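Engineer: First, the structure itself, so that you have it in front of you.
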Amino acid sequence: ASCPCDARNLQFHIGRRAGDAFAERVFEGLTAVDTVRVVGPCGAFVLDEESNRPLVFIAGEEGFAPIKSLIEHAMALDAAETLHLYWIATDNGGHYLDNLCRSWGDALDNFAYTPVTLTGVWSPEVVESVLRPMLANHPRLDEHDIYVAGPAALIHTTEWLLHERGLPQSRLHLEAVTG
């Protein structure tokens, strides 16, 4: 979840789930002297630094971690005309850094934040019912770069809806994140 512009500090967002041995170790037994080995960062979910198009970010649940990294990178570059974050989370406290997102909106004239609470399961039908009103807020989506990270249902439904609206594949960046 850390900005690539800060190569010295790495941030990780780890969901607390019963039955997840690693998360249980982190939350219940990891000490400051324990060694944790990580591999990364790696992957292709990166900000297009050459683009100055408006940016739309859609995060689902813990998909906020990679989206946060991209937003902070975009802010550091100060290249995008506007940035809009939609964070979709279930009603069990899923917007775990809501205050951070609101502070970005308060501090920056070109940043908008819309928290969205998903009621139900991450099915394509439920996701579509949440996405359609969001996408309607941006009538010229073909002029934007869109970054989406979250559960598979969010990724697949968003990809389908955006292709339906004519967004070029080169402006759509997707990252499946499983919790």
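Ordering of the structure tokens sets the chain letters (A, B, ...), residue numbers begin anew at 1 in every chain, and ligands are numbered from 1 in the order given.
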Give me the residues within 12 Å of Val36 in chain A as a ChimeraX atom specification, counting only C-alpha atoms and dropping any in the same chain fewer than 6 places off.
Structural biologist: /A:22,25-26,30
Engineer: Give me the residues within 8 Å of range 51-68 of chain A as a ChimeraX atom specification, counting only C-alpha atoms and dropping any in the same chain fewer than 5 places off.
Structural biologist: /A:1-3,12-13,15,79-90,94-95,143-151,154,175-179
Engineer: Need the shell around range 43-47 of chain A: protein/DNA/RNA residues with any atom at most 8 Å away, counting only C-alpha atoms. Skip same-chain ones fewer than 2 positions apart. Format as a PyMOL selection string?
Structural biologist: chain A and resi 41+49+70+73-74+173-175
Engineer: Rounded to one decimal in Å, what is the spacing between CA of Trp122 in chain A and CA of Trp160 in chain A?
Structural biologist: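 Computing it gives 15.4 Å between the two atoms.
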Engineer: Once DSSP has gone over the backbone, tell me which residues of range 67-169 of chain A are in strand (DSSP E), as a VMD selection string.
Structural biologist: chain A and resid 83 to 90 111 to 118 145 to 150
Engineer: As a list in words, which residues of range 76-152 of chain A does DSSP assign to alpha helix (DSSP H)?
Structural biologist: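 After running DSSP on the backbone, range 76-152 of chain A has alpha helix (DSSP H) at Ala76, Leu77, Asp98, Asn99, Leu100, Cys101, Arg102, Ser103, Trp104, Gly105, Asp106, Ala107, Pro124, Glu125, Val126, Val127, Glu128, Ser129, Val130, Leu131, Arg132, Pro133, Met134, Leu135, Ala136 and Ala152 of chain A.
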Engineer: Can you tell me which residues surround Ala153 in chain A at a distance of at most 8 Å, considering only C-alpha atoms, apart from same-chain residues fewer than 4 positions away, and format the answer as a list in words?
Structural biologist: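 So, after excluding close chain neighbours, the residues are Trp122, Ser123, Pro124, Val127 and Thr157 of chain A.
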Engineer: Keeping N, CA and C atoms, export the residues of the selection given above as an mmCIF file, in the first residue's frame.
Structural biologist:
```
data_model
loop_
_atom_site.group_PDB
_atom_site.id
_atom_site.type_symbol
_atom_site.label_atom_id
_atom_site.label_comp_id
_atom_site.auth_asym_id
_atom_site.auth_seq_id
_atom_site.Cartn_x
_atom_site.Cartn_y
_atom_site.Cartn_z
ATOM 1 N N TRP A 122 -20.602 -10.282 -2.976
ATOM 2 C CA TRP A 122 -19.922 -9.750 -4.153
ATOM 3 C C TRP A 122 -20.332 -10.561 -5.390
ATOM 4 N N SER A 123 -21.582 -10.499 -5.755
ATOM 5 C CA SER A 123 -22.053 -11.180 -6.959
ATOM 6 C C SER A 123 -22.030 -10.178 -8.115
ATOM 7 N N PRO A 124 -21.959 -10.657 -9.353
ATOM 8 C CA PRO A 124 -21.971 -9.727 -10.485
ATOM 9 C C PRO A 124 -23.193 -8.813 -10.499
ATOM 10 N N VAL A 127 -22.737 -6.119 -7.724
ATOM 11 C CA VAL A 127 -21.668 -5.197 -8.121
ATOM 12 C C VAL A 127 -22.155 -4.277 -9.243
ATOM 13 N N THR A 157 -16.963 -7.567 -13.546
ATOM 14 C CA THR A 157 -18.144 -6.748 -13.844
ATOM 15 C C THR A 157 -17.731 -5.362 -14.311
#
```
Engineer: My list of candidates is A:Ala32, A:Ala152, A:Ala107, A:Leu135. Which is closest to Arg165 in chain A when distances are computed with only C-alpha atoms?
Structural biologist: A:Leu135
Engineer: Tell me, as an NGL selection string, which residues lie within 9 Å of Val130 in chain A, counting only C-alpha atoms; anything in the same chain fewer than 3 positions away does not count.
Structural biologist: :A and (88 or 116-118 or 125-127 or 133-134)
